[in-house]
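**Q** For reference, the file final.cif (mmCIF, C-alpha atoms) is included below:
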data_input
loop_
_atom_site.label_atom_id
_atom_site.label_comp_id
_atom_site.auth_asym_id
_atom_site.auth_seq_id
_atom_site.Cartn_x
_atom_site.Cartn_y
_atom_site.Cartn_z
CA MET A 53 -10.16 7.67 -4.75
CA ALA A 54 -10.64 4.86 -7.32
CA ALA A 55 -9.18 6.98 -10.14
CA THR A 56 -6.20 7.87 -7.95
CA VAL A 57 -5.57 4.19 -7.20
CA VAL A 58 -5.53 3.42 -10.93
CA ASP A 59 -3.18 6.33 -11.63
CA ILE A 60 -0.79 5.24 -8.86
CA GLY A 61 -0.83 1.69 -10.22
CA ASN A 62 0.20 3.00 -13.63
CA CYS A 63 3.36 4.76 -12.43
CA SER A 64 6.57 3.61 -10.79
CA GLY A 65 7.52 4.60 -7.28
CA ALA A 66 11.10 4.76 -8.57
CA ASP A 67 10.10 7.67 -10.82
CA VAL A 68 7.28 9.36 -8.88
CA ASP A 69 6.61 10.05 -5.21
CA PRO A 70 2.91 9.05 -5.13
CA PHE A 71 2.23 11.01 -1.94
CA GLU A 72 3.50 14.22 -3.53
CA GLU A 73 2.21 13.57 -7.06
CA PHE A 74 -1.33 12.70 -5.94
CA ASP A 75 -1.52 15.01 -2.90
CA LEU A 76 -1.86 12.21 -0.34
CA THR A 77 -0.89 12.20 3.33
CA ALA A 78 1.54 9.56 4.61
CA VAL A 79 0.79 8.07 8.03
CA THR A 80 3.14 5.88 10.02
CA GLY A 81 1.95 2.29 10.35
CA GLU A 82 1.85 0.44 13.65
CA LYS A 83 3.21 -2.92 12.50
CA VAL A 84 5.09 -2.33 9.22
CA GLN A 85 7.47 0.37 8.01
CA ALA A 86 5.61 1.14 4.78
CA PRO A 87 3.58 4.36 5.00
CA LEU A 88 -0.20 4.23 5.07
CA VAL A 89 -2.49 6.65 3.20
CA ALA A 90 -4.46 8.89 5.57
CA GLU A 91 -7.17 9.56 2.98
CA CYS A 92 -8.13 5.85 2.82
CA PHE A 93 -11.24 4.80 4.74
CA ALA A 94 -9.58 1.57 5.90
CA THR A 95 -6.05 0.17 5.91
CA ILE A 96 -4.58 -3.31 6.18
CA GLU A 97 -0.94 -3.51 7.14
CA SER A 98 0.63 -6.65 5.70
CA ARG A 99 3.90 -8.51 5.54
CA LEU A 100 5.21 -10.55 2.64
CA ALA A 101 4.25 -14.16 3.36
CA ASP A 102 5.52 -15.83 0.18
CA SER A 103 7.59 -14.43 -2.70
CA SER A 104 7.94 -17.64 -4.71
CA LEU A 105 5.31 -16.53 -7.25
CA VAL A 106 6.77 -13.07 -7.89
CA ALA A 107 9.11 -14.04 -10.74
CA PRO A 108 6.75 -16.28 -12.72
CA PHE A 109 3.47 -14.40 -12.14
CA SER A 110 4.24 -11.02 -10.47
CA LEU A 111 2.09 -12.27 -7.58
CA PHE A 112 2.84 -11.29 -3.99
CA LEU A 113 1.19 -13.30 -1.19
CA LEU A 114 0.64 -11.12 1.87
CA GLU A 115 -0.36 -11.81 5.46
CA PRO A 116 -2.36 -9.10 7.26
CA VAL A 117 -0.81 -8.05 10.56
CA SER A 118 -3.00 -5.06 11.51
CA LYS A 119 -6.14 -3.36 10.25
CA GLU A 120 -7.84 -0.09 11.04
CA GLN A 121 -11.07 1.42 9.84
CA GLY A 122 -12.35 4.97 9.81
CA ARG A 123 -9.19 7.03 9.73
#
Step by step, read the file and then write its structure as structure tokens.
**A**
Amino acid sequence: MAATVVDIGNCSGADVDPFEEFDLTAVTGEKVQAPLVAECFATIESRLADSSLVAPFSLFLLEPVSKEQGR
């Protein structure tokens, strides 16, 4: 899965559907609308807590709202 994560990070979701391209299964989250990856051992659903550092540093600060282990 580590190689897949790197490959997904090196492509744009505007150009590629990562679920289709990397043969992953989308799962509906409980707390957020973004899809989760069924093949992941654990997931952390998060919401954007602070976007003030996005422009200067491309840094997103997230707040976890739900977690699940052992999908």
**Q** What is the atom CA of Ala101 of chain A to atom CA of Lys119 of chain A distance in Å?
**A**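 That distance, rounded to one decimal, is 16.5 Å.
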**Q** Under the rule that only C-alpha atoms are counted, which of A:Ile60, A:Glu115, A:Gly65, A:Phe71 is the nearest residue to Ile96 of chain A?
**A**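 Going through A:Ile60, A:Glu115, A:Gly65, A:Phe71 one by one, the smallest distance to Ile96 of chain A is for A:Glu115.
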**Q** When you count all atoms listed in the file, which of these residues is closest to Phe112 of chain A: A:Asp69, A:Arg99, A:Met53, A:Glu82?
**A**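 The closest residue to Phe112 of chain A is A:Arg99.
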**Q** Using all atoms listed in the file, can you tell me which of A:Val106, A:Phe74, A:Leu100, A:Asn62 comes closest to Ala86 of chain A?
**A**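 Looking at the shortest contact to Ala86 of chain A, the residue is A:Leu100.
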**Q** Could you check which of A:Ala107, A:Cys63, A:Leu114, A:Cys92 is closest to Leu76 of chain A, using all atoms listed in the file?
**A**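 Between A:Ala107, A:Cys63, A:Leu114, A:Cys92, the residue approaching Leu76 of chain A most closely is A:Cys92.
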**Q** Could you write out as number ranges by chain the residues that the PyMOL selection byres ((chain A and resi 78-80) around 6) matches in the shown file?
**A** A: 77, 81, 87-90
**Q** Can you give me, as a list in words, the residues this file yields under the PyMOL selection byres ((chain A and resi 97) around 6)?
**A**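 What the PyMOL selection byres ((chain A and resi 97) around 6) grabs from the file is Ile96, Ser98, Pro116, Val117 and Ser118 of chain A.
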